[in-house]
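Shown here: start_14.txt, compact mmCIF, C-alpha atoms.
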```txt
# COMPACT_ATOMS: atom_id res chain seq x y z
CA MET A 2 -7.49 -4.22 -91.96
CA ALA A 3 -11.21 -4.16 -91.38
CA GLU A 4 -13.27 -1.05 -92.04
CA ILE A 5 -16.81 0.20 -91.80
CA ILE A 6 -17.63 0.99 -95.40
CA ALA A 7 -21.13 2.47 -94.99
CA ALA A 8 -24.19 2.74 -92.81
CA VAL A 9 -27.76 2.04 -93.81
CA THR A 10 -30.92 2.54 -91.78
CA THR A 11 -34.49 1.40 -92.17
CA SER A 12 -37.77 0.74 -90.38
CA HIS A 13 -38.42 -2.92 -89.56
CA VAL A 14 -42.19 -3.40 -89.69
CA PRO A 15 -43.40 -7.06 -89.60
CA SER A 16 -45.99 -6.45 -92.32
CA ILE A 17 -43.19 -5.43 -94.74
CA GLY A 18 -41.84 -8.96 -94.23
CA ILE A 19 -45.28 -10.46 -94.72
CA ALA A 20 -45.70 -8.47 -97.94
CA MET A 21 -42.42 -9.90 -99.28
CA ASP A 22 -43.13 -13.46 -98.11
CA SER A 23 -46.63 -13.51 -99.59
CA GLY A 24 -45.66 -11.91 -102.90
CA ILE A 25 -47.82 -8.78 -102.72
CA THR A 26 -45.06 -6.14 -103.00
CA GLN A 27 -46.53 -4.86 -106.26
CA ASP A 28 -50.03 -4.40 -104.85
CA PRO A 29 -51.06 -0.73 -104.97
CA TYR A 30 -50.72 -0.38 -101.18
CA TRP A 31 -47.13 -1.69 -101.09
CA LYS A 32 -45.71 -0.71 -104.49
CA PRO A 33 -44.61 2.84 -103.57
CA LEU A 34 -42.67 1.50 -100.58
CA PHE A 35 -40.93 -1.33 -102.42
CA ASP A 36 -40.17 0.83 -105.46
CA GLY A 37 -38.52 3.24 -103.05
CA TYR A 38 -36.22 0.48 -101.82
CA LEU A 39 -34.70 -0.29 -105.25
CA PRO A 40 -31.85 2.30 -105.23
CA ALA A 41 -30.87 1.19 -101.70
CA LYS A 42 -30.55 -2.40 -102.91
CA GLU A 43 -28.24 -1.22 -105.70
CA PHE A 44 -26.11 0.73 -103.23
CA VAL A 45 -25.68 -2.27 -100.93
CA LYS A 46 -25.01 -4.63 -103.85
CA GLU A 47 -22.09 -2.51 -105.04
CA LEU A 48 -20.68 -2.27 -101.51
CA LYS A 49 -20.24 -6.06 -101.28
CA PRO A 50 -19.90 -6.13 -97.49
CA ASP A 51 -18.23 -9.22 -96.03
CA VAL A 52 -20.06 -8.70 -92.76
CA THR A 53 -23.18 -6.73 -91.84
CA ILE A 54 -23.66 -5.64 -88.24
CA VAL A 55 -27.43 -5.41 -87.69
CA VAL A 56 -28.56 -3.22 -84.80
CA TYR A 57 -32.11 -4.11 -83.80
CA ASN A 58 -34.35 -4.83 -80.84
CA ASP A 59 -35.76 -8.23 -79.99
CA HIS A 60 -39.58 -8.01 -79.80
CA GLY A 61 -40.20 -10.97 -77.50
CA LEU A 62 -38.50 -13.79 -79.36
CA GLU A 63 -35.28 -14.37 -77.42
CA VAL A 64 -35.88 -11.78 -74.74
CA PHE A 65 -38.72 -11.87 -72.24
CA LEU A 66 -39.20 -9.49 -69.32
CA ASP A 67 -37.51 -11.90 -66.92
CA ARG A 68 -34.09 -10.73 -68.11
CA VAL A 69 -33.60 -7.78 -70.40
CA PRO A 70 -30.11 -7.02 -71.71
CA THR A 71 -29.72 -3.33 -72.49
CA PHE A 72 -27.13 -4.17 -75.16
CA GLY A 73 -26.46 -7.66 -76.55
CA ILE A 74 -24.35 -9.19 -79.30
CA GLY A 75 -24.52 -12.48 -81.17
CA ALA A 76 -21.50 -14.77 -81.33
CA ALA A 77 -23.08 -17.68 -83.19
CA ALA A 78 -21.96 -19.36 -86.40
CA GLN A 79 -25.53 -19.29 -87.71
CA TYR A 80 -28.77 -17.46 -86.97
CA LEU A 81 -32.21 -18.70 -88.00
CA SER A 82 -35.42 -16.75 -88.44
CA GLY A 83 -37.43 -17.44 -85.27
CA ASP A 84 -41.11 -18.08 -84.55
CA GLU A 85 -42.63 -14.90 -83.14
CA GLY A 86 -46.09 -16.44 -82.96
CA TRP A 87 -46.87 -16.62 -86.66
CA GLY A 88 -44.12 -19.09 -87.66
CA PRO A 89 -40.57 -18.42 -88.89
CA ARG A 90 -40.14 -16.40 -92.09
CA PRO A 91 -39.33 -18.62 -95.11
CA ILE A 92 -35.81 -17.28 -95.64
CA PRO A 93 -32.37 -18.91 -95.76
CA PRO A 94 -30.26 -19.16 -92.59
CA PHE A 95 -27.85 -16.32 -91.83
CA GLN A 96 -24.16 -17.16 -91.49
CA GLY A 97 -22.40 -15.51 -88.58
CA ASP A 98 -18.78 -14.55 -88.03
CA PRO A 99 -17.87 -15.79 -84.54
CA GLU A 100 -14.27 -14.63 -84.83
CA LEU A 101 -15.28 -11.03 -85.49
CA SER A 102 -18.06 -11.31 -82.89
CA TRP A 103 -15.59 -12.25 -80.16
CA HIS A 104 -13.21 -9.54 -81.30
CA LEU A 105 -16.05 -7.01 -81.02
CA ILE A 106 -17.04 -8.35 -77.60
CA GLU A 107 -13.48 -8.03 -76.28
CA HIS A 108 -13.02 -4.57 -77.72
CA LEU A 109 -16.42 -3.29 -76.61
CA VAL A 110 -15.98 -4.53 -73.06
CA ALA A 111 -12.49 -2.99 -73.03
CA GLN A 112 -14.20 0.30 -73.94
CA GLU A 113 -16.60 -0.18 -70.99
CA PHE A 114 -19.57 -1.44 -73.04
CA ASP A 115 -20.51 -4.57 -71.10
CA MET A 116 -22.38 -6.51 -73.74
CA THR A 117 -24.63 -9.51 -73.04
CA MET A 118 -23.28 -12.35 -75.18
CA PHE A 119 -25.57 -14.68 -77.16
CA GLN A 120 -24.04 -17.91 -78.46
CA GLU A 121 -27.41 -19.25 -79.52
CA MET A 122 -30.10 -16.95 -80.81
CA THR A 123 -32.85 -16.79 -83.37
CA VAL A 124 -33.65 -13.45 -84.97
CA ASP A 125 -37.00 -11.72 -85.37
CA HIS A 126 -38.54 -9.29 -87.85
CA GLY A 127 -36.43 -6.47 -86.42
CA PHE A 128 -33.43 -8.21 -87.98
CA THR A 129 -34.84 -10.19 -90.90
CA VAL A 130 -37.03 -7.51 -92.50
CA PRO A 131 -34.17 -4.99 -92.93
CA MET A 132 -31.93 -7.78 -94.29
CA SER A 133 -34.59 -8.66 -96.91
CA VAL A 134 -35.15 -4.98 -97.69
CA PHE A 135 -31.48 -4.32 -98.45
CA PHE A 136 -30.19 -7.69 -99.66
CA GLY A 137 -33.30 -9.24 -101.23
CA GLY A 138 -34.34 -8.84 -104.84
CA PRO A 139 -37.02 -6.34 -105.92
CA ALA A 140 -39.71 -8.41 -104.18
CA GLY A 141 -37.42 -9.25 -101.26
CA GLU A 142 -36.47 -12.70 -102.62
CA VAL A 143 -33.20 -14.26 -101.41
CA GLU A 144 -31.54 -17.55 -102.37
CA GLU A 145 -28.50 -17.09 -100.20
CA TRP A 146 -27.46 -14.11 -98.08
CA PRO A 147 -24.44 -12.43 -99.72
CA THR A 148 -22.99 -11.30 -96.37
CA ARG A 149 -22.17 -12.74 -92.98
CA VAL A 150 -24.02 -11.08 -90.11
CA ILE A 151 -23.53 -10.04 -86.50
CA PRO A 152 -26.65 -9.09 -84.52
CA ILE A 153 -26.44 -6.31 -81.94
CA THR A 154 -29.53 -5.95 -79.75
CA VAL A 155 -30.73 -2.81 -77.99
CA ASN A 156 -33.50 -2.82 -75.40
CA THR A 157 -36.28 -0.58 -76.67
CA ILE A 158 -39.15 -2.35 -74.90
CA GLN A 159 -38.63 -2.24 -71.15
CA PHE A 160 -38.07 1.30 -69.86
CA PRO A 161 -35.62 2.70 -69.03
CA LEU A 162 -34.13 2.43 -72.51
CA PRO A 163 -30.50 3.36 -73.08
CA MET A 164 -30.11 7.04 -73.79
CA ALA A 165 -29.62 8.30 -77.34
CA ALA A 166 -26.13 9.55 -76.46
CA ARG A 167 -25.18 6.12 -75.13
CA CYS A 168 -26.35 4.47 -78.34
CA PHE A 169 -24.24 6.89 -80.39
CA LYS A 170 -21.22 6.11 -78.19
CA LEU A 171 -21.82 2.38 -78.69
CA GLY A 172 -21.57 3.06 -82.41
CA GLN A 173 -18.30 4.92 -81.88
CA ALA A 174 -16.97 1.97 -79.85
CA ILE A 175 -18.03 -0.46 -82.60
CA ARG A 176 -16.12 1.69 -85.10
CA LYS A 177 -12.96 1.54 -82.99
CA ALA A 178 -13.35 -2.21 -82.52
CA VAL A 179 -13.76 -2.80 -86.26
CA ASP A 180 -10.80 -0.53 -87.06
CA ALA A 181 -8.66 -2.69 -84.77
CA TYR A 182 -9.60 -5.98 -86.47
CA PRO A 183 -6.54 -7.22 -88.39
CA LYS A 184 -8.31 -9.20 -91.14
CA ASP A 185 -9.33 -7.44 -94.35
CA THR A 186 -13.07 -7.23 -93.80
CA ARG A 187 -15.61 -4.88 -95.33
CA VAL A 188 -18.25 -4.13 -92.69
CA LEU A 189 -21.65 -2.55 -93.26
CA ILE A 190 -23.54 -1.30 -90.21
CA MET A 191 -27.33 -1.30 -90.30
CA GLY A 192 -29.50 0.66 -87.87
CA THR A 193 -33.13 -0.43 -87.74
CA GLY A 194 -36.50 0.53 -86.26
CA GLY A 195 -38.68 3.64 -86.21
CA MET A 196 -39.59 5.97 -87.64
CA SER A 197 -42.55 7.54 -85.83
CA HIS A 198 -45.17 5.02 -84.76
CA GLN A 199 -47.19 4.00 -81.78
CA LEU A 200 -48.76 0.57 -81.46
CA GLN A 201 -50.07 0.60 -77.88
CA GLY A 202 -52.97 2.48 -76.29
CA GLU A 203 -55.57 4.89 -77.61
CA ARG A 204 -52.71 6.84 -79.16
CA SER A 205 -51.91 3.93 -81.48
CA GLY A 206 -51.77 5.09 -85.07
CA PHE A 207 -49.84 8.21 -84.10
CA MET A 208 -47.18 9.30 -86.59
CA GLN A 209 -45.33 12.57 -86.99
CA PRO A 210 -43.72 13.09 -90.42
CA ASN A 211 -42.38 16.53 -89.42
CA PHE A 212 -40.33 14.98 -86.64
CA ASP A 213 -39.15 12.15 -88.90
CA ARG A 214 -38.00 14.60 -91.58
CA MET A 215 -36.12 16.61 -88.96
CA PHE A 216 -34.50 13.38 -87.75
CA LEU A 217 -33.49 12.34 -91.29
CA ASP A 218 -32.06 15.80 -91.89
CA LYS A 219 -30.03 15.90 -88.67
CA MET A 220 -28.69 12.36 -89.22
CA VAL A 221 -26.53 14.11 -91.83
CA THR A 222 -26.15 17.68 -90.64
CA ASP A 223 -26.13 17.47 -86.83
CA PRO A 224 -26.24 13.97 -85.33
CA MET A 225 -24.99 15.32 -82.00
CA ALA A 226 -28.26 17.26 -81.66
CA LEU A 227 -30.16 13.95 -81.97
CA THR A 228 -28.07 12.40 -79.18
CA LYS A 229 -29.40 15.07 -76.80
CA ILE A 230 -33.05 14.02 -77.23
CA PRO A 231 -34.36 12.37 -74.03
CA ASN A 232 -36.37 9.18 -74.52
CA GLY A 233 -39.51 10.85 -73.12
CA VAL A 234 -39.24 13.37 -75.95
CA PHE A 235 -38.76 10.59 -78.51
CA MET A 236 -41.97 9.04 -77.18
CA LYS A 237 -43.83 12.33 -77.41
CA GLU A 238 -42.59 13.23 -80.89
CA ALA A 239 -42.20 9.77 -82.48
CA GLY A 240 -44.57 7.61 -80.41
CA HIS A 241 -44.07 5.09 -77.59
CA GLU A 242 -42.59 2.59 -80.05
CA GLY A 243 -40.89 5.27 -82.19
CA ALA A 244 -38.19 5.56 -79.54
CA GLU A 245 -36.59 2.74 -81.55
CA LEU A 246 -34.93 5.56 -83.49
CA ILE A 247 -32.14 5.47 -80.90
CA MET A 248 -30.86 2.43 -82.84
CA TRP A 249 -30.26 4.57 -85.93
CA LEU A 250 -27.83 6.49 -83.74
CA VAL A 251 -25.74 3.36 -83.10
CA ALA A 252 -25.18 3.09 -86.85
CA ARG A 253 -24.57 6.83 -87.12
CA GLY A 254 -22.02 6.73 -84.29
CA ALA A 255 -19.97 4.20 -86.24
CA MET A 256 -19.52 6.69 -89.08
CA ASN A 257 -17.44 9.86 -89.41
CA LEU A 258 -19.03 13.03 -88.04
CA GLU A 259 -19.22 14.15 -91.67
CA VAL A 260 -21.22 11.83 -93.89
CA GLU A 261 -22.79 11.95 -97.31
CA GLU A 262 -26.37 10.78 -97.61
CA VAL A 263 -26.36 8.63 -100.74
CA TYR A 264 -30.08 7.88 -100.71
CA GLN A 265 -33.19 8.51 -98.65
CA HIS A 266 -36.75 7.27 -98.85
CA TYR A 267 -39.71 8.11 -96.65
CA HIS A 268 -43.18 6.64 -96.92
CA VAL A 269 -46.36 7.04 -94.88
CA SER A 270 -47.22 4.44 -93.97
CA ALA A 271 -46.39 0.74 -93.72
CA SER A 272 -49.29 -0.39 -91.56
CA LEU A 273 -49.00 1.80 -88.42
CA THR A 274 -45.43 2.92 -89.07
CA ALA A 275 -43.90 5.83 -90.95
CA ALA A 276 -41.28 3.93 -92.95
CA GLY A 277 -37.93 5.61 -93.43
CA LEU A 278 -34.75 4.38 -95.09
CA ALA A 279 -31.36 5.99 -95.70
CA CYS A 280 -27.88 5.12 -96.95
CA TYR A 281 -24.74 6.92 -95.75
CA ARG A 282 -21.10 7.00 -96.82
CA ASN A 283 -18.23 8.61 -94.95
CA LYS A 284 -16.98 11.94 -96.26
CA MET B 25 -31.43 13.02 -52.05
CA SER B 26 -27.70 12.62 -51.60
CA SER B 27 -25.30 15.33 -52.67
CA SER B 28 -23.82 12.96 -55.28
CA ASP B 29 -27.12 13.17 -57.17
CA LYS B 30 -26.62 16.86 -57.88
CA GLU B 31 -24.78 17.98 -60.98
CA SER B 32 -22.68 21.11 -61.06
CA GLY B 33 -23.44 24.34 -62.85
CA GLY B 34 -27.17 24.41 -62.17
CA MET B 35 -27.79 21.36 -64.35
CA PRO B 36 -30.74 19.15 -63.36
CA SER B 37 -29.83 16.29 -61.03
CA ILE B 38 -30.04 12.71 -62.28
CA SER B 39 -33.24 12.24 -60.27
CA GLU B 40 -34.73 15.35 -61.85
CA ARG B 41 -33.83 14.17 -65.35
CA ILE B 42 -35.42 10.77 -64.77
CA GLU B 43 -38.56 12.27 -63.27
CA GLU B 44 -38.91 14.81 -66.08
CA ASP B 45 -38.57 12.07 -68.70
CA LYS B 46 -41.22 9.91 -67.00
CA ARG B 47 -43.50 12.87 -66.38
CA LEU B 48 -43.44 13.74 -70.06
CA ALA B 49 -44.03 10.12 -71.18
CA ARG B 50 -46.87 9.66 -68.69
CA SER B 51 -48.51 12.93 -69.75
CA LEU B 52 -49.14 11.56 -73.26
CA GLU B 53 -52.81 10.72 -73.54
CA GLY B 54 -53.55 7.14 -74.57
CA THR B 55 -49.97 6.07 -73.79
CA TYR B 56 -48.91 3.56 -71.11
CA LEU B 57 -45.22 3.99 -70.36
CA PHE B 58 -43.84 0.47 -70.07
CA ASP B 59 -41.59 1.11 -67.10
CA GLY B 60 -40.74 -1.14 -64.18
CA SER B 61 -44.00 -0.69 -62.30
CA ARG B 62 -46.08 -1.41 -65.41
CA SER B 63 -43.88 -4.39 -66.27
CA GLN B 64 -44.60 -5.83 -62.81
CA LYS B 65 -48.30 -5.06 -63.01
CA ASN B 66 -49.42 -7.96 -65.18
CA TYR B 67 -46.36 -10.13 -65.58
CA PRO B 68 -48.47 -13.34 -65.87
CA LEU B 69 -50.35 -11.99 -68.91
CA ASN B 70 -47.12 -11.10 -70.71
CA LYS B 71 -45.57 -14.43 -69.74
CA MET B 72 -48.55 -16.36 -71.09
CA CYS B 73 -48.42 -14.40 -74.35
CA MET B 74 -44.66 -14.95 -74.65
CA SER B 75 -45.23 -18.72 -74.39
CA LEU B 76 -47.23 -18.56 -77.64
CA THR B 77 -43.99 -18.37 -79.63
CA LYS B 78 -43.96 -22.20 -79.40
CA SER B 79 -46.40 -24.03 -81.69
CA ASP B 80 -47.14 -26.73 -79.08
CA ASN B 81 -48.18 -24.01 -76.66
CA ARG B 82 -50.38 -22.39 -79.28
CA ALA B 83 -52.15 -25.72 -79.76
CA ALA B 84 -52.61 -26.09 -75.99
CA PHE B 85 -53.97 -22.55 -75.78
CA ALA B 86 -56.40 -23.16 -78.64
CA ALA B 87 -57.62 -26.40 -77.02
CA ASP B 88 -58.67 -24.67 -73.78
CA GLU B 89 -57.87 -20.97 -73.53
CA ALA B 90 -59.08 -20.51 -69.94
CA ALA B 91 -57.22 -23.53 -68.61
CA TYR B 92 -54.08 -22.39 -70.43
CA CYS B 93 -54.37 -18.94 -68.79
CA ASP B 94 -54.75 -20.62 -65.40
CA ARG B 95 -51.41 -22.36 -65.86
CA PHE B 96 -49.78 -18.92 -65.91
CA GLY B 97 -51.76 -17.60 -62.94
CA LEU B 98 -53.72 -14.92 -64.77
CA SER B 99 -56.27 -13.06 -62.67
CA ASP B 100 -59.95 -13.61 -63.51
CA GLU B 101 -60.07 -10.13 -64.99
CA SER B 102 -56.99 -10.73 -67.18
CA LYS B 103 -58.41 -14.04 -68.30
CA ARG B 104 -61.61 -12.30 -69.37
CA LEU B 105 -59.58 -9.73 -71.34
CA VAL B 106 -57.76 -12.56 -73.13
CA LEU B 107 -60.90 -14.60 -73.89
CA GLU B 108 -62.67 -11.49 -75.19
CA ARG B 109 -59.57 -10.29 -77.09
CA ASP B 110 -59.99 -6.93 -75.39
CA TRP B 111 -56.76 -5.40 -76.71
CA ILE B 112 -57.03 -2.00 -75.05
CA GLY B 113 -58.05 -3.72 -71.81
CA MET B 114 -54.93 -5.89 -71.95
CA ILE B 115 -52.70 -2.86 -72.59
CA ARG B 116 -54.30 -0.89 -69.76
CA SER B 117 -53.88 -3.83 -67.39
CA GLY B 118 -50.12 -4.04 -67.99
CA GLY B 119 -49.87 -6.03 -71.21
CA ASN B 120 -46.99 -5.06 -73.46
CA ILE B 121 -48.04 -4.67 -77.08
CA TYR B 122 -45.27 -6.92 -78.43
CA TYR B 123 -46.22 -9.84 -76.19
CA VAL B 124 -49.97 -9.27 -76.45
CA PHE B 125 -49.66 -9.17 -80.23
CA LYS B 126 -48.64 -12.85 -80.23
CA LEU B 127 -52.21 -13.56 -79.18
CA ALA B 128 -53.45 -11.55 -82.16
CA ALA B 129 -51.20 -13.63 -84.43
CA ILE B 130 -53.00 -16.79 -83.33
CA ASP B 131 -56.25 -15.30 -84.58
CA HIS B 132 -54.55 -13.98 -87.75
CA VAL B 133 -55.57 -10.51 -86.64
CA SER B 134 -53.41 -7.64 -87.94
CA MET B 135 -51.90 -4.78 -85.96
CA GLN B 136 -54.34 -2.51 -87.80
CA HIS B 137 -57.25 -4.44 -86.28
CA VAL B 138 -55.66 -4.17 -82.84
CA GLY B 139 -55.07 -0.45 -83.38
CA ALA B 140 -58.63 0.12 -84.54
CA GLN B 141 -60.06 -1.61 -81.47
CA GLN B 142 -57.77 0.35 -79.15
CA ASN B 143 -59.11 3.55 -80.77
CA SER B 144 -62.76 2.36 -80.65
CA MET B 145 -62.82 2.72 -84.42
CA THR B 146 -63.84 0.51 -87.31
CA LEU B 147 -60.94 -0.77 -89.42
CA GLU B 148 -61.92 1.66 -92.18
CA GLU B 149 -61.93 4.62 -89.78
CA PHE B 150 -58.56 3.61 -88.36
CA ARG B 151 -57.04 3.24 -91.84
CA ALA B 152 -58.31 6.71 -92.68
CA LYS B 153 -56.55 7.98 -89.55
CA LEU B 154 -53.28 6.33 -90.66
CA ASN B 155 -53.57 7.68 -94.19
CA ALA B 156 -54.29 11.20 -92.93
CA HIS B 157 -50.63 11.45 -91.87
CA ARG B 158 -49.64 11.45 -95.56
CA ASP B 159 -50.64 15.09 -95.81
CA GLN B 160 -48.43 16.27 -92.95
```
Translate the structure of the given file into structure tokens.
Amino acid sequence: MAEIIAAVTTSHVPSIGIAMDSGITQDPYWKPLFDGYLPAKEFVKELKPDVTIVVYNDHGLEVFLDRVPTFGIGAAAQYLSGDEGWGPRPIPPFQGDPELSWHLIEHLVAQEFDMTMFQEMTVDHGFTVPMSVFFGGPAGEVEEWPTRVIPITVNTIQFPLPMAARCFKLGQAIRKAVDAYPKDTRVLIMGTGGMSHQLQGERSGFMQPNFDRMFLDKMVTDPMALTKIPNGVFMKEAGHEGAELIMWLVARGAMNLEVEEVYQHYHVSASLTAAGLACYRNK
Amino acid sequence: MSSSDKESGGMPSISERIEEDKRLARSLEGTYLFDGSRSQKNYPLNKMCMSLTKSDNRAAFAADEAAYCDRFGLSDESKRLVLERDWIGMIRSGGNIYYVFKLAAIDHVSMQHVGAQQNSMTLEEFRAKLNAHRDQ
């Protein structure tokens, strides 16, 4: 039988990818962040997931404003790093798992989550940066990805965004779908984005570590409280772009209500973003 | 408002919840809630910026920026904002930061530069603002 073996969460800032790709992770600016990633890499290495479900938002690579899926899922055999305007990242292709993708699609739709299905898609920094953070070497280097992947997209760009509670329920539905998969498959779920940051407007540069620390705390102790936060409040407390934190709740929803936080790292800042990372195991 | 909009037990109606959420988001100074009306406001600008994910389009843009903008039907004012790389002007006029940032990528300009300009700060001042959050 398949099972969700753990959840990990992290910010997905483009400049973290650029730092890895240009070999400057040991520069004084970046070293504290990348040093903080090392225990998370060890945790994921020992887990040996067969498949990693990556929950992220497309930032204008596959999705333009002409059609915006609230929730989407990849069903491709392979996913390549796409060109967001500065060229694709120099990383190996990701291998998909179409059989599990279609199983998830059927089981999510049967649970009334009507996913948009992508049979061809490239992936942007929202996907690739977290993969390099967790699966890359100390400087993010990767020869071959040690896990198959399934992308799940969440609209966090065009308001209205899905509500936090809905994202949590999507995670619960993913858990049920994985539990019903007959093949022995170890599945890691990865929630990405956040933490507090704002990129647009005169408020750009806004961060709020107090809110982020509360969020990190309640991810363990009271995730249901986080599902009650309206998106307007996320924008006020975590910034217009910090509302991406709803994607952490997809990953959290796929876990037991009781979890153990294996590791946490928080760093201000990676460019304009308060960078958080955490690893969770079921209790 | 129809009766089906009301929730029982004195809870806010769906309309009230939506309005409260938007009111809060719109009350944030220096923030431009990217809702439906804003998304419609300058669709051509965002569409032009989105096209820059293709290298051929980037070359065409670089060859004649104004003519390239015309192909997407940008207003004269939006075209000026693009040619002058007026980031805060583009955001105010309905540009979405993720699409607009593709224009910055062409110039090899970082998000910190874009943030500094939006704040009317030098890069050094803006970096000091970012670093100040470390003490919170």
Contacts of Val138 in chain B within 12 Å, only C-alpha atoms, excl. fewer than 6 positions in-chain, as JSON, numbers by chain: {"A": [199, 200, 201, 202, 203, 204, 205, 206, 272, 273], "B": [109, 110, 111, 112, 113, 114, 115, 121, 122, 124, 125, 126, 127, 128, 129, 131, 132, 144, 145, 146, 147, 150, 151]}
Neighbours of chain A in chain B at 7 Å, counting all atoms listed in the file, as a PyMOL selection string: chain B and resi 45-46+48-49+52-56+58-60+74+76-77+112+115+121-123+126+129-130+136+139+142-143+154+157-158+160
Between CA of Ile5 in chain A and CA of Ile190 in chain A - distance in Å to one decimal: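 Taking CA of Ile190 in chain A and CA of Ile5 in chain A, their separation equals 7.1 Å.
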Residues within 10 Å of (-26.7, -15.9, -73.5), file coords, only C-alpha atoms, listed as a PyMOL selection string: chain A and resi 63+70+73-76+117-122
CA of Thr10 in chain A to CA of Leu39 in chain A, straight-line distance in Å: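 We find that CA of Leu39 in chain A and CA of Thr10 in chain A lie 14.3 Å from each other.
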Ref. answer, residues at most 8 Å from (-28.8, 15.1, -60.8) with only C-alpha atoms, as a list of chain:residue names: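 All residues meeting the 8 Å criterion around (-28.8, 15.1, -60.8) are B:Ser28, B:Asp29, B:Lys30, B:Glu31, B:Met35, B:Pro36, B:Ser37, B:Ile38, B:Ser39, B:Glu40, B:Arg41.
Across the structure, CA of Lys32 in chain A and CA of Lys153 in chain B are spaced 20.4 Å apart.
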Among the residues A:Ile153, A:Ala276, A:Ile6, A:Leu34, the one that comes closest to His198 in chain A [using all atoms listed in the file]: A:Ala276
Close residues, Asp223 in chain A itself excluded, 12 Å, only C-alpha atoms, min 3 positions apart in chain, as a list in words: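 Close residues of Asp223 in chain A: Met215, Phe216, Leu217, Asp218, Lys219, Met220, Ala226, Leu227, Thr228, Lys229, Leu250, Arg253, Gly254, Asn257, Leu258, Glu259 and Val260 of chain A.
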Residue with smallest distance to Leu48 in chain A - pool A:Leu189, A:Leu109, A:Ala77, A:Val179, counting only C-alpha atoms: A:Leu189
Top pick for closest residue to Gly137 in chain A, considering A:Cys280, A:Ala41, A:Ala78, A:Met116 and counting only C-alpha atoms: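 Among the listed residues, A:Ala41 lies closest to Gly137 in chain A.
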Tell me which protein, DNA and RNA residues are within 7 Å of range 84-101 of chain B, counting only C-alpha atoms, leaving out same-chain ones fewer than 6 positions away, and put them as a compact mmCIF listing (two decimals) with C-alpha atoms, keeping the file's coordinate frame.
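To be explicit, this is the file written out as result03.txt:
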```
# COMPACT_ATOMS: atom_id res chain seq x y z
CA PRO B 68 -48.47 -13.34 -65.87
CA LEU B 69 -50.35 -11.99 -68.91
CA MET B 72 -48.55 -16.36 -71.09
```
Residue nearest Lys177 in chain A - candidates A:Asp36, A:Glu262, A:Glu107, A:Asp98, atoms counted: only C-alpha atoms: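 When distances to Lys177 in chain A are compared using only C-alpha atoms, the smallest one comes from A:Glu107.
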Which neighbours of Val143 in chain A fall inside 9 Å, counting all atoms listed in the file, when residues of the same chain fewer than 2 positions from it are skipped, and could you give them as an mmCIF file with C-alpha atoms, keeping the file's coordinate frame?
```cif
data_model
loop_
_atom_site.group_PDB
_atom_site.id
_atom_site.type_symbol
_atom_site.label_atom_id
_atom_site.label_comp_id
_atom_site.auth_asym_id
_atom_site.auth_seq_id
_atom_site.Cartn_x
_atom_site.Cartn_y
_atom_site.Cartn_z
ATOM 1 C CA ILE A 92 -35.810 -17.280 -95.640
ATOM 2 C CA PRO A 93 -32.370 -18.910 -95.760
ATOM 3 C CA SER A 133 -34.590 -8.660 -96.910
ATOM 4 C CA PHE A 136 -30.190 -7.690 -99.660
ATOM 5 C CA GLY A 137 -33.300 -9.240 -101.230
ATOM 6 C CA GLY A 138 -34.340 -8.840 -104.840
ATOM 7 C CA GLY A 141 -37.420 -9.250 -101.260
ATOM 8 C CA GLU A 145 -28.500 -17.090 -100.200
ATOM 9 C CA TRP A 146 -27.460 -14.110 -98.080
#
```
